[in-house]
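Colleague: Structure file input-v4.txt (compact mmCIF, C-alpha atoms) right here:
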```txt
# COMPACT_ATOMS: atom_id res chain seq x y z
CA MET A 17 -8.68 -15.73 65.53
CA LYS A 18 -5.29 -15.79 63.81
CA LYS A 19 -4.21 -19.06 65.43
CA TYR A 20 -7.00 -20.86 63.56
CA LEU A 21 -6.31 -19.37 60.13
CA ASP A 22 -3.45 -21.74 59.29
CA TYR A 23 -5.94 -24.61 59.38
CA ILE A 24 -8.33 -23.35 56.69
CA SER A 25 -7.84 -23.89 52.97
CA ASP A 26 -8.10 -20.24 51.90
CA ALA A 27 -5.18 -17.82 51.91
CA VAL A 28 -5.97 -15.13 54.50
CA VAL A 29 -4.19 -11.80 54.75
CA GLN A 30 -4.69 -8.89 57.15
CA PHE A 31 -4.06 -5.46 55.64
CA ARG A 32 -3.59 -1.97 57.02
CA ILE A 33 -4.84 0.94 54.91
CA VAL A 34 -2.05 3.43 54.18
CA LYS A 35 -1.47 6.31 51.78
CA ASP A 36 1.50 7.11 49.57
CA ASN A 37 3.18 10.51 49.26
CA SER A 38 0.61 11.59 46.69
CA GLY A 39 -2.29 10.68 48.95
CA ASN A 40 -3.27 7.58 46.97
CA ILE A 41 -4.66 4.63 48.92
CA ASP A 42 -2.45 1.59 49.32
CA ILE A 43 -2.63 -1.45 51.62
CA GLU A 44 0.16 -2.95 53.71
CA THR A 45 0.32 -6.61 54.78
CA ILE A 46 0.53 -7.08 58.55
CA TYR A 47 -0.43 -10.78 58.73
CA ALA A 48 -0.70 -13.74 56.34
CA ASN A 49 -1.40 -17.41 56.98
CA ARG A 50 0.62 -20.29 55.55
CA GLN A 51 -1.72 -20.87 52.60
CA THR A 52 -0.85 -17.39 51.32
CA GLU A 53 2.61 -18.64 50.34
CA ASN A 54 1.06 -21.25 48.02
CA LEU A 55 -1.39 -18.83 46.40
CA LEU A 56 1.15 -16.06 45.79
CA ASN A 57 4.09 -18.42 45.22
CA MET A 58 6.42 -16.44 47.47
CA PRO A 59 7.58 -16.70 51.11
CA LEU A 60 5.78 -14.74 53.81
CA LYS A 61 8.91 -12.71 54.58
CA ASP A 62 8.61 -11.13 51.12
CA ILE A 63 5.02 -10.09 51.82
CA LEU A 64 4.76 -9.01 55.46
CA TYR A 65 4.96 -5.31 56.36
CA LYS A 66 5.16 -4.32 52.73
CA LYS A 67 2.76 -2.42 50.50
CA VAL A 68 0.89 -4.35 47.85
CA THR A 69 2.11 -1.99 45.11
CA ASP A 70 5.71 -2.65 46.18
CA VAL A 71 5.32 -6.43 46.22
CA PHE A 72 3.29 -6.48 42.99
CA PRO A 73 4.26 -3.47 40.82
CA SER A 74 2.03 -4.77 38.02
CA VAL A 75 -0.98 -3.75 40.15
CA THR A 76 -0.28 -0.12 39.28
CA GLU A 77 -0.61 -0.92 35.57
CA SER A 78 -3.97 -2.66 35.94
CA ILE A 79 -7.23 -1.00 34.91
CA PHE A 80 -8.46 -1.99 38.39
CA ASP A 81 -7.19 0.02 41.37
CA TRP A 82 -7.08 -3.00 43.68
CA PRO A 83 -5.89 -1.24 46.88
CA LYS A 84 -8.73 1.26 46.58
CA ILE A 85 -11.33 -1.33 45.58
CA LEU A 86 -10.50 -3.65 48.50
CA SER A 87 -10.19 -0.83 51.04
CA GLU A 88 -13.55 0.67 50.10
CA ALA A 89 -15.16 -2.78 50.19
CA ALA A 90 -13.86 -3.29 53.73
CA MET A 91 -15.01 0.11 54.95
CA THR A 92 -18.49 -0.02 53.43
CA SER A 93 -19.55 -3.62 54.07
CA ASP A 94 -19.31 -6.17 56.88
CA HIS A 95 -18.60 -8.89 54.34
CA LYS A 96 -17.97 -8.30 50.64
CA VAL A 97 -17.21 -10.95 48.01
CA ILE A 98 -15.41 -9.91 44.82
CA GLU A 99 -14.56 -12.33 42.01
CA GLN A 100 -12.24 -11.05 39.27
CA TYR A 101 -9.42 -12.04 36.97
CA VAL A 102 -6.24 -10.44 38.36
CA THR A 103 -3.65 -9.43 35.80
CA GLY A 104 -0.17 -10.14 37.13
CA PHE A 105 -1.38 -13.22 39.01
CA GLU A 106 -2.92 -14.50 35.76
CA ARG A 107 -5.57 -16.06 37.96
CA TYR A 108 -9.25 -15.67 38.68
CA ILE A 109 -9.45 -14.87 42.41
CA ARG A 110 -12.38 -14.88 44.84
CA PHE A 111 -11.80 -12.18 47.47
CA SER A 112 -13.82 -12.28 50.71
CA VAL A 113 -13.31 -8.95 52.48
CA PHE A 114 -14.29 -8.73 56.18
CA GLY A 115 -13.33 -7.68 59.72
CA PHE A 116 -12.70 -3.95 59.27
CA GLU A 117 -11.42 -2.40 62.54
CA ASP A 118 -8.90 0.34 63.38
CA ASN A 119 -8.05 0.87 59.71
CA THR A 120 -7.24 -2.83 59.18
CA PHE A 121 -9.22 -5.62 57.54
CA TYR A 122 -8.92 -9.24 56.43
CA ILE A 123 -9.14 -10.77 52.97
CA ALA A 124 -9.64 -14.50 52.37
CA MET A 125 -8.48 -15.42 48.85
CA ARG A 126 -9.33 -18.49 46.83
CA ASP A 127 -8.02 -19.38 43.36
CA MET A 128 -11.08 -19.97 41.15
CA THR A 129 -9.21 -20.18 37.84
CA GLU A 130 -9.50 -23.94 37.43
CA LYS A 131 -13.19 -23.93 38.33
CA LYS A 132 -13.95 -21.15 35.85
CA GLU A 133 -11.92 -22.74 33.08
CA MET A 134 -13.50 -26.13 33.77
CA LYS A 135 -16.95 -24.90 32.68
CA ARG A 136 -15.57 -23.95 29.28
CA ARG A 137 -13.59 -27.19 28.99
CA VAL A 138 -16.65 -29.28 29.82
CA LEU A 139 -18.69 -27.34 27.27
CA GLU A 140 -16.05 -27.90 24.62
CA MET A 141 -15.75 -31.60 25.44
CA GLU A 142 -19.51 -32.06 25.27
CA ARG A 143 -19.58 -30.56 21.80
CA GLU A 144 -16.62 -32.64 20.68
CA ILE A 145 -18.27 -35.81 21.94
CA LYS A 146 -21.46 -34.92 20.11
CA HIS A 147 -19.59 -34.39 16.86
CA LEU A 148 -17.62 -37.60 17.33
CA GLU A 149 -20.90 -39.43 17.74
CA ASP A 150 -21.97 -37.91 14.43
CA ASN A 151 -18.69 -39.11 12.84
CA LEU A 152 -17.37 -35.57 12.48
CA LYS A 153 -13.91 -34.36 13.28
CA SER A 154 -12.98 -33.86 16.93
CA ARG A 155 -11.88 -30.30 16.13
CA ALA A 156 -15.38 -29.30 15.06
CA ASN A 157 -15.26 -26.45 17.58
CA VAL A 158 -12.27 -24.84 15.88
CA ASP A 159 -11.85 -22.77 12.72
CA MET A 160 -9.05 -24.54 10.87
CA LEU A 161 -7.47 -21.43 9.30
CA THR A 162 -7.16 -19.25 12.42
CA ASN A 163 -7.28 -21.95 15.12
CA LEU A 164 -9.92 -19.85 16.91
CA TYR A 165 -13.29 -21.20 18.01
CA ASN A 166 -15.91 -21.28 15.26
CA PHE A 167 -19.26 -19.52 15.38
CA GLN A 168 -21.17 -22.65 16.48
CA PHE A 169 -19.01 -23.06 19.56
CA MET A 170 -19.07 -19.31 20.23
CA ASN A 171 -22.86 -19.56 20.35
CA GLU A 172 -22.58 -22.23 23.05
CA CYS A 173 -20.16 -20.02 25.00
CA ILE A 174 -22.54 -17.06 24.78
CA LYS A 175 -25.30 -19.29 26.17
CA SER A 176 -22.97 -20.26 29.02
CA SER A 177 -22.18 -16.61 29.79
CA ILE A 178 -25.90 -15.80 29.74
CA LEU A 179 -26.53 -18.63 32.22
CA ASN A 180 -23.76 -17.29 34.51
CA ASN A 181 -25.33 -13.84 34.30
CA LYS A 182 -28.75 -15.13 35.28
CA GLU A 183 -27.51 -17.45 38.04
CA GLU A 184 -24.62 -15.43 39.49
CA GLY A 185 -25.13 -11.90 38.17
CA ILE A 186 -21.81 -11.94 36.28
CA ASN A 187 -21.67 -9.25 33.59
CA PHE A 188 -20.21 -9.89 30.16
CA CYS A 189 -19.80 -8.07 26.85
CA LEU A 190 -19.59 -9.17 23.23
CA LEU A 191 -17.05 -7.59 20.90
CA VAL A 192 -17.45 -8.07 17.13
CA LEU A 193 -14.74 -6.84 14.74
CA ASP A 194 -14.92 -6.78 10.95
CA ILE A 195 -11.82 -6.09 8.82
CA ASP A 196 -12.41 -3.05 6.62
CA GLU A 197 -12.27 -3.61 2.84
CA PHE A 198 -11.23 -7.25 3.18
CA LYS A 199 -12.53 -8.08 -0.31
CA LYS A 200 -10.26 -5.39 -1.71
CA ILE A 201 -7.27 -6.83 0.17
CA ASN A 202 -8.12 -10.28 -1.19
CA MET A 203 -8.38 -9.03 -4.76
CA ILE A 204 -5.22 -6.91 -4.71
CA TYR A 205 -2.83 -9.13 -2.74
CA GLY A 206 -4.30 -12.59 -3.31
CA MET A 207 -5.88 -15.27 -1.14
CA ASP A 208 -2.65 -16.53 0.45
CA LYS A 209 -1.70 -13.08 1.74
CA ALA A 210 -5.25 -12.44 2.92
CA ASP A 211 -5.32 -15.76 4.79
CA SER A 212 -1.99 -14.90 6.40
CA MET A 213 -3.43 -11.59 7.52
CA LEU A 214 -6.46 -13.32 9.06
CA GLN A 215 -4.12 -15.59 11.01
CA ASP A 216 -2.12 -12.60 12.27
CA VAL A 217 -5.29 -10.75 13.36
CA ALA A 218 -6.43 -13.92 15.14
CA HIS A 219 -3.08 -14.02 16.97
CA ILE A 220 -3.49 -10.37 18.05
CA LEU A 221 -6.95 -11.09 19.44
CA SER A 222 -5.82 -14.25 21.26
CA SER A 223 -2.79 -12.54 22.78
CA ASN A 224 -4.97 -9.71 24.14
CA ALA A 225 -7.66 -11.99 25.54
CA ARG A 226 -7.62 -13.13 29.16
CA LYS A 227 -7.99 -16.78 30.18
CA ILE A 228 -11.66 -16.20 31.02
CA ASP A 229 -12.44 -14.64 27.61
CA VAL A 230 -13.40 -16.61 24.50
CA VAL A 231 -12.16 -15.68 21.01
CA GLY A 232 -13.72 -16.91 17.77
CA ARG A 233 -14.03 -16.38 14.03
CA TYR A 234 -17.53 -15.16 13.29
CA GLY A 235 -17.36 -15.11 9.50
CA ASN A 236 -14.89 -14.79 6.64
CA ASP A 237 -13.29 -11.57 7.92
CA LYS A 238 -15.26 -11.11 11.12
CA PHE A 239 -14.14 -12.01 14.64
CA MET A 240 -15.86 -12.20 18.01
CA ILE A 241 -14.63 -12.01 21.61
CA ILE A 242 -16.76 -12.81 24.66
CA LEU A 243 -15.37 -10.56 27.40
CA ASN A 244 -16.46 -12.23 30.62
CA ASN A 245 -16.90 -10.56 34.02
CA VAL A 246 -16.57 -6.97 32.77
CA ASP A 247 -19.03 -4.12 32.25
CA ILE A 248 -19.18 -1.96 29.14
CA ASP A 249 -16.75 0.71 30.44
CA ILE A 250 -13.95 -1.80 31.04
CA ALA A 251 -14.77 -3.58 27.77
CA LYS A 252 -14.32 -0.30 25.87
CA ILE A 253 -10.81 0.11 27.32
CA MET A 254 -9.90 -3.44 26.32
CA THR A 255 -11.39 -2.91 22.86
CA GLU A 256 -9.42 0.28 22.24
CA LYS A 257 -6.16 -1.53 23.03
CA ILE A 258 -7.01 -4.31 20.58
CA LYS A 259 -8.07 -1.82 17.90
CA LYS A 260 -4.80 0.13 18.15
CA GLU A 261 -2.72 -3.03 17.95
CA ILE A 262 -4.56 -4.20 14.83
CA GLU A 263 -4.16 -0.77 13.22
CA SER A 264 -0.41 -0.88 13.86
CA TYR A 265 -0.17 -4.21 12.01
CA SER A 266 1.48 -3.99 8.60
CA LEU A 267 1.02 -6.18 5.55
CA ASN A 268 4.43 -4.98 4.36
CA LEU A 269 2.52 -3.92 1.28
CA ASN A 270 1.98 -0.24 2.07
CA TYR A 271 -1.56 -0.91 3.32
CA LYS A 272 -3.02 0.34 6.60
CA LEU A 273 -5.28 -2.21 8.27
CA SER A 274 -8.38 -1.12 10.20
CA VAL A 275 -11.46 -2.70 11.75
CA CYS A 276 -15.00 -1.66 12.52
CA GLY A 277 -17.57 -3.36 14.71
CA SER A 278 -19.53 -3.22 17.93
CA ILE A 279 -19.22 -3.80 21.67
CA VAL A 280 -22.43 -4.59 23.55
CA GLU A 281 -23.15 -5.53 27.15
CA TYR A 282 -25.64 -8.30 27.90
CA GLU A 283 -28.89 -6.85 29.23
CA GLY A 284 -31.02 -9.91 29.95
CA GLU A 285 -32.45 -10.60 26.49
CA SER A 286 -32.49 -13.91 24.59
CA ILE A 287 -29.33 -15.01 22.79
CA GLU A 288 -31.01 -14.32 19.43
CA GLU A 289 -31.92 -10.78 20.46
CA PHE A 290 -28.45 -10.22 21.94
CA ILE A 291 -26.64 -11.31 18.77
CA GLU A 292 -29.08 -9.37 16.60
CA ARG A 293 -28.37 -6.21 18.62
CA SER A 294 -24.64 -6.77 18.07
CA GLU A 295 -25.08 -7.38 14.33
CA ASN A 296 -27.28 -4.32 13.86
CA LEU A 297 -24.74 -2.12 15.64
CA THR A 298 -21.92 -3.61 13.56
CA SER A 299 -23.82 -2.90 10.34
CA LYS A 300 -24.36 0.68 11.48
CA ALA A 301 -20.63 1.05 12.18
CA GLN A 302 -19.79 -0.29 8.71
CA SER A 303 -22.12 2.25 7.11
CA MET A 304 -20.34 5.09 8.91
CA GLY A 305 -16.89 4.39 7.49
CA LYS A 306 -13.62 2.66 8.34
CA GLY A 307 -12.27 2.17 11.88
CA ILE A 308 -15.62 2.73 13.65
CA ILE A 309 -16.53 0.62 16.71
CA LEU A 310 -19.91 1.47 18.25
CA SER A 311 -21.27 0.62 21.68
```
Rewrite the structure of this file - the entire thing - as structure tokens.
Modeller:
Amino acid sequence: MKKYLDYISDAVVQFRIVKDNSGNIDIETIYANRQTENLLNMPLKDILYKKVTDVFPSVTESIFDWPKILSEAAMTSDHKVIEQYVTGFERYIRFSVFGFEDNTFYIAMRDMTEKKEMKRRVLEMEREIKHLEDNLKSRANVDMLTNLYNFQFMNECIKSSILNNKEEGINFCLLVLDIDEFKKINMIYGMDKADSMLQDVAHILSSNARKIDVVGRYGNDKFMIILNNVDIDIAKIMTEKIKKEIESYSLNLNYKLSVCGSIVEYEGESIEEFIERSENLTSKAQSMGKGIILS
């Protein structure tokens, strides 16, 4: 079979399941076709007969244990397809796991990043065209202060994620964050300082979002992130990281910033019901005090 693999478009790698000194599962490359060089952007000699965690140390820092996930997929299924955004590659990869025999298996890999991003780009362009036809500004999708997407465009993105869920079974979560006591900050420090703070919070959210996520400004001091292709447990981990980074932000005015809000996973309801569930949970968090994020 290997002699034909150089003629297909996917990168194909054969792995052997191994264990490290602590008994943790790792995978070692024992074969890779020519297309693998293009996908990984490195020569085959740097990949072959080496463990994945040695070639890509960033794998060990990921919330996904990729060696274990791929090994278990190979051992438990004749053919398993996994699509996920891979930190370190900064790409959305489609893994096709197959051919398990004698503790080895194959993975065909395809870069889906451009395809996934294209859906969002097309959606954005369609909205821009519509607004241009109505003689509105071409940046009608964007909040001018924070340079994040506005609520109208976020609604369209939620609809798109709902469609992906219904058609492809792709999970997604919605994170809403509200800055605690923003009116007080505005009154004490003034509008210019408050606007600067909103821009800094927007930067924190954007820098923590992946390419497949969508970040927007939901209201005056409220923000929203659509976390695509994750379930609620992974979304909570991502949320906690964002929350801590915001709380470490300083106005240089002896004021500790905090946020409250909600994180909800889509469960098949209408977009109106989904957003209402998020808003109700956010309101409940606000009533409980500062720094509360409910799920």
Colleague: Please identify every residue of range 237-270 of chain A that has at least one atom no farther than 12 Å from an atom of range 69-90 of chain A, counting only C-alpha atoms, and for each give the shortest atom pair and the distance in Å to one decimal, arranged by chain then increasing number, as a Markdown table.
Modeller:
```
| residue | atom | partner | partner_atom | distance |
| --- | --- | --- | --- | --- |
| A:Val246 | CA | A:Phe80 | CA | 11.1 |
| A:Asp249 | CA | A:Ile79 | CA | 10.7 |
| A:Ile250 | CA | A:Ile79 | CA | 7.8 |
| A:Ala251 | CA | A:Ile79 | CA | 10.7 |
| A:Lys252 | CA | A:Ile79 | CA | 11.5 |
| A:Ile253 | CA | A:Ile79 | CA | 8.5 |
| A:Met254 | CA | A:Ile79 | CA | 9.3 |
| A:Lys257 | CA | A:Ile79 | CA | 11.9 |
```
Colleague: Considering only C-alpha atoms, give me a table of residues in range 39-118 of chain A that are at most 12 Å from range 18-35 of chain A, with the closest atom pair and distance in Å for each, as a tab-separated table.
Modeller:
```
residue	atom	partner	partner_atom	distance
A:Gly39	CA	A:Lys35	CA	5.3
A:Asn40	CA	A:Lys35	CA	5.3
A:Ile41	CA	A:Lys35	CA	4.6
A:Asp42	CA	A:Val34	CA	5.2
A:Ile43	CA	A:Ile33	CA	4.6
A:Glu44	CA	A:Arg32	CA	5.1
A:Thr45	CA	A:Phe31	CA	4.6
A:Ile46	CA	A:Phe31	CA	5.7
A:Tyr47	CA	A:Gln30	CA	4.9
A:Ala48	CA	A:Val29	CA	4.3
A:Asn49	CA	A:Asp22	CA	5.3
A:Arg50	CA	A:Asp22	CA	5.7
A:Gln51	CA	A:Ala27	CA	4.7
A:Thr52	CA	A:Ala27	CA	4.4
A:Glu53	CA	A:Ala27	CA	8.0
A:Asn54	CA	A:Ala27	CA	8.1
A:Leu55	CA	A:Ala27	CA	6.8
A:Leu56	CA	A:Ala27	CA	9.0
A:Asn57	CA	A:Ala27	CA	11.4
A:Leu60	CA	A:Val29	CA	10.4
A:Ile63	CA	A:Val29	CA	9.8
A:Leu64	CA	A:Val29	CA	9.4
A:Tyr65	CA	A:Phe31	CA	9.0
A:Lys66	CA	A:Phe31	CA	9.7
A:Lys67	CA	A:Val34	CA	8.4
A:Val68	CA	A:Phe31	CA	9.3
A:Thr69	CA	A:Lys35	CA	11.2
A:Pro83	CA	A:Ile33	CA	8.4
A:Lys84	CA	A:Ile33	CA	9.2
A:Ile85	CA	A:Ile33	CA	11.6
A:Leu86	CA	A:Ile33	CA	9.7
A:Ser87	CA	A:Ile33	CA	6.8
A:Glu88	CA	A:Ile33	CA	10.0
A:Ala89	CA	A:Ile33	CA	11.9
A:Ala90	CA	A:Ile33	CA	10.0
A:Met91	CA	A:Ile33	CA	10.2
A:Ile109	CA	A:Ala27	CA	10.8
A:Arg110	CA	A:Asp26	CA	9.8
A:Phe111	CA	A:Val28	CA	9.6
A:Ser112	CA	A:Val28	CA	9.2
A:Val113	CA	A:Gln30	CA	9.8
A:Phe114	CA	A:Gln30	CA	9.7
A:Gly115	CA	A:Gln30	CA	9.1
A:Phe116	CA	A:Phe31	CA	9.5
A:Glu117	CA	A:Arg32	CA	9.6
A:Asp118	CA	A:Arg32	CA	8.6
```
Colleague: Here's a test: counting all atoms listed in the file, identify every protein, DNA and RNA residue with an atom at most 7 Å from (-0.7, 2.2, 9.8) in the file's coordinate frame, and state them as a ChimeraX atom specification.
Modeller: /A:263-266,272-273
Colleague: Work out how far CA of Ala218 in chain A is from CA of Asn163 in chain A, in Å to one decimal.
Modeller: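 For CA of Asn163 in chain A relative to CA of Ala218 in chain A, the distance reads 8.1 Å.
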Colleague: How many Å lie between CA of Tyr205 in chain A and CA of Tyr271 in chain A, rounded to one decimal?
Modeller: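 Distance reported for this atom pair: 10.3 Å.
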Colleague: How many Å separate CA of Ser303 in chain A from CA of Leu214 in chain A?
Modeller: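 Atom-to-atom, CA of Ser303 in chain A and CA of Leu214 in chain A are spaced 22.2 Å apart.
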Colleague: Taking N, CA and C atoms as the atom set, what does range 179-206 of chain A look like once completed, written as a PDB file, in the frame of the given file?
Modeller:
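And here's rebuild-v8.pdb as it stands now:
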```pdb
ATOM      1  N   LEU A 179     -26.130 -17.833  31.050  1.00  0.00           N
ATOM      2  CA  LEU A 179     -26.530 -18.630  32.220  1.00  0.00           C
ATOM      3  C   LEU A 179     -25.814 -18.122  33.475  1.00  0.00           C
ATOM      4  N   ASN A 180     -24.506 -17.826  33.367  1.00  0.00           N
ATOM      5  CA  ASN A 180     -23.760 -17.290  34.510  1.00  0.00           C
ATOM      6  C   ASN A 180     -24.311 -15.938  34.943  1.00  0.00           C
ATOM      7  N   ASN A 181     -24.735 -15.141  33.970  1.00  0.00           N
ATOM      8  CA  ASN A 181     -25.330 -13.840  34.300  1.00  0.00           C
ATOM      9  C   ASN A 181     -26.624 -14.012  35.074  1.00  0.00           C
ATOM     10  N   LYS A 182     -27.454 -14.935  34.630  1.00  0.00           N
ATOM     11  CA  LYS A 182     -28.750 -15.130  35.280  1.00  0.00           C
ATOM     12  C   LYS A 182     -28.620 -15.783  36.645  1.00  0.00           C
ATOM     13  N   GLU A 183     -27.654 -16.711  36.782  1.00  0.00           N
ATOM     14  CA  GLU A 183     -27.510 -17.450  38.040  1.00  0.00           C
ATOM     15  C   GLU A 183     -26.633 -16.725  39.060  1.00  0.00           C
ATOM     16  N   GLU A 184     -25.587 -16.029  38.575  1.00  0.00           N
ATOM     17  CA  GLU A 184     -24.620 -15.430  39.490  1.00  0.00           C
ATOM     18  C   GLU A 184     -24.484 -13.918  39.336  1.00  0.00           C
ATOM     19  N   GLY A 185     -25.201 -13.342  38.370  1.00  0.00           N
ATOM     20  CA  GLY A 185     -25.130 -11.900  38.170  1.00  0.00           C
ATOM     21  C   GLY A 185     -23.819 -11.422  37.586  1.00  0.00           C
ATOM     22  N   ILE A 186     -23.114 -12.289  36.840  1.00  0.00           N
ATOM     23  CA  ILE A 186     -21.810 -11.940  36.280  1.00  0.00           C
ATOM     24  C   ILE A 186     -22.010 -11.238  34.932  1.00  0.00           C
ATOM     25  N   ASN A 187     -21.554 -10.012  34.830  1.00  0.00           N
ATOM     26  CA  ASN A 187     -21.670  -9.250  33.590  1.00  0.00           C
ATOM     27  C   ASN A 187     -20.741  -9.801  32.513  1.00  0.00           C
ATOM     28  N   PHE A 188     -21.129  -9.598  31.259  1.00  0.00           N
ATOM     29  CA  PHE A 188     -20.210  -9.890  30.160  1.00  0.00           C
ATOM     30  C   PHE A 188     -20.588  -9.046  28.956  1.00  0.00           C
ATOM     31  N   CYS A 189     -19.605  -8.869  28.068  1.00  0.00           N
ATOM     32  CA  CYS A 189     -19.800  -8.070  26.850  1.00  0.00           C
ATOM     33  C   CYS A 189     -19.376  -8.883  25.639  1.00  0.00           C
ATOM     34  N   LEU A 190     -19.919  -8.505  24.488  1.00  0.00           N
ATOM     35  CA  LEU A 190     -19.590  -9.170  23.230  1.00  0.00           C
ATOM     36  C   LEU A 190     -18.975  -8.155  22.284  1.00  0.00           C
ATOM     37  N   LEU A 191     -17.757  -8.443  21.849  1.00  0.00           N
ATOM     38  CA  LEU A 191     -17.050  -7.590  20.900  1.00  0.00           C
ATOM     39  C   LEU A 191     -17.024  -8.275  19.544  1.00  0.00           C
ATOM     40  N   VAL A 192     -17.507  -7.571  18.505  1.00  0.00           N
ATOM     41  CA  VAL A 192     -17.450  -8.070  17.130  1.00  0.00           C
ATOM     42  C   VAL A 192     -16.608  -7.118  16.300  1.00  0.00           C
ATOM     43  N   LEU A 193     -15.635  -7.647  15.576  1.00  0.00           N
ATOM     44  CA  LEU A 193     -14.740  -6.840  14.740  1.00  0.00           C
ATOM     45  C   LEU A 193     -14.762  -7.367  13.310  1.00  0.00           C
ATOM     46  N   ASP A 194     -14.890  -6.451  12.372  1.00  0.00           N
ATOM     47  CA  ASP A 194     -14.920  -6.780  10.950  1.00  0.00           C
ATOM     48  C   ASP A 194     -13.776  -6.023  10.264  1.00  0.00           C
ATOM     49  N   ILE A 195     -12.950  -6.727   9.511  1.00  0.00           N
ATOM     50  CA  ILE A 195     -11.820  -6.090   8.820  1.00  0.00           C
ATOM     51  C   ILE A 195     -12.345  -5.229   7.676  1.00  0.00           C
ATOM     52  N   ASP A 196     -11.962  -3.969   7.663  1.00  0.00           N
ATOM     53  CA  ASP A 196     -12.410  -3.050   6.620  1.00  0.00           C
ATOM     54  C   ASP A 196     -11.814  -3.428   5.263  1.00  0.00           C
ATOM     55  N   GLU A 197     -12.683  -3.400   4.242  1.00  0.00           N
ATOM     56  CA  GLU A 197     -12.270  -3.610   2.840  1.00  0.00           C
ATOM     57  C   GLU A 197     -11.490  -4.912   2.644  1.00  0.00           C
ATOM     58  N   PHE A 198     -11.955  -5.972   3.288  1.00  0.00           N
ATOM     59  CA  PHE A 198     -11.230  -7.250   3.180  1.00  0.00           C
ATOM     60  C   PHE A 198     -11.291  -7.802   1.753  1.00  0.00           C
ATOM     61  N   LYS A 199     -12.420  -7.609   1.073  1.00  0.00           N
ATOM     62  CA  LYS A 199     -12.530  -8.080  -0.310  1.00  0.00           C
ATOM     63  C   LYS A 199     -11.489  -7.411  -1.198  1.00  0.00           C
ATOM     64  N   LYS A 200     -11.260  -6.126  -0.943  1.00  0.00           N
ATOM     65  CA  LYS A 200     -10.260  -5.390  -1.710  1.00  0.00           C
ATOM     66  C   LYS A 200      -8.867  -5.949  -1.458  1.00  0.00           C
ATOM     67  N   ILE A 201      -8.574  -6.243  -0.188  1.00  0.00           N
ATOM     68  CA  ILE A 201      -7.270  -6.830   0.170  1.00  0.00           C
ATOM     69  C   ILE A 201      -7.093  -8.172  -0.547  1.00  0.00           C
ATOM     70  N   ASN A 202      -8.165  -8.959  -0.551  1.00  0.00           N
ATOM     71  CA  ASN A 202      -8.120 -10.280  -1.190  1.00  0.00           C
ATOM     72  C   ASN A 202      -7.863 -10.159  -2.684  1.00  0.00           C
ATOM     73  N   MET A 203      -8.509  -9.196  -3.308  1.00  0.00           N
ATOM     74  CA  MET A 203      -8.380  -9.030  -4.760  1.00  0.00           C
ATOM     75  C   MET A 203      -6.994  -8.512  -5.144  1.00  0.00           C
ATOM     76  N   ILE A 204      -6.485  -7.549  -4.357  1.00  0.00           N
ATOM     77  CA  ILE A 204      -5.220  -6.910  -4.710  1.00  0.00           C
ATOM     78  C   ILE A 204      -4.025  -7.801  -4.398  1.00  0.00           C
ATOM     79  N   TYR A 205      -4.025  -8.418  -3.205  1.00  0.00           N
ATOM     80  CA  TYR A 205      -2.830  -9.130  -2.740  1.00  0.00           C
ATOM     81  C   TYR A 205      -2.939 -10.635  -2.841  1.00  0.00           C
ATOM     82  N   GLY A 206      -4.150 -11.152  -3.131  1.00  0.00           N
ATOM     83  CA  GLY A 206      -4.300 -12.590  -3.310  1.00  0.00           C
ATOM     84  C   GLY A 206      -4.759 -13.300  -2.047  1.00  0.00           C
TER      85      GLY A 206
END
```
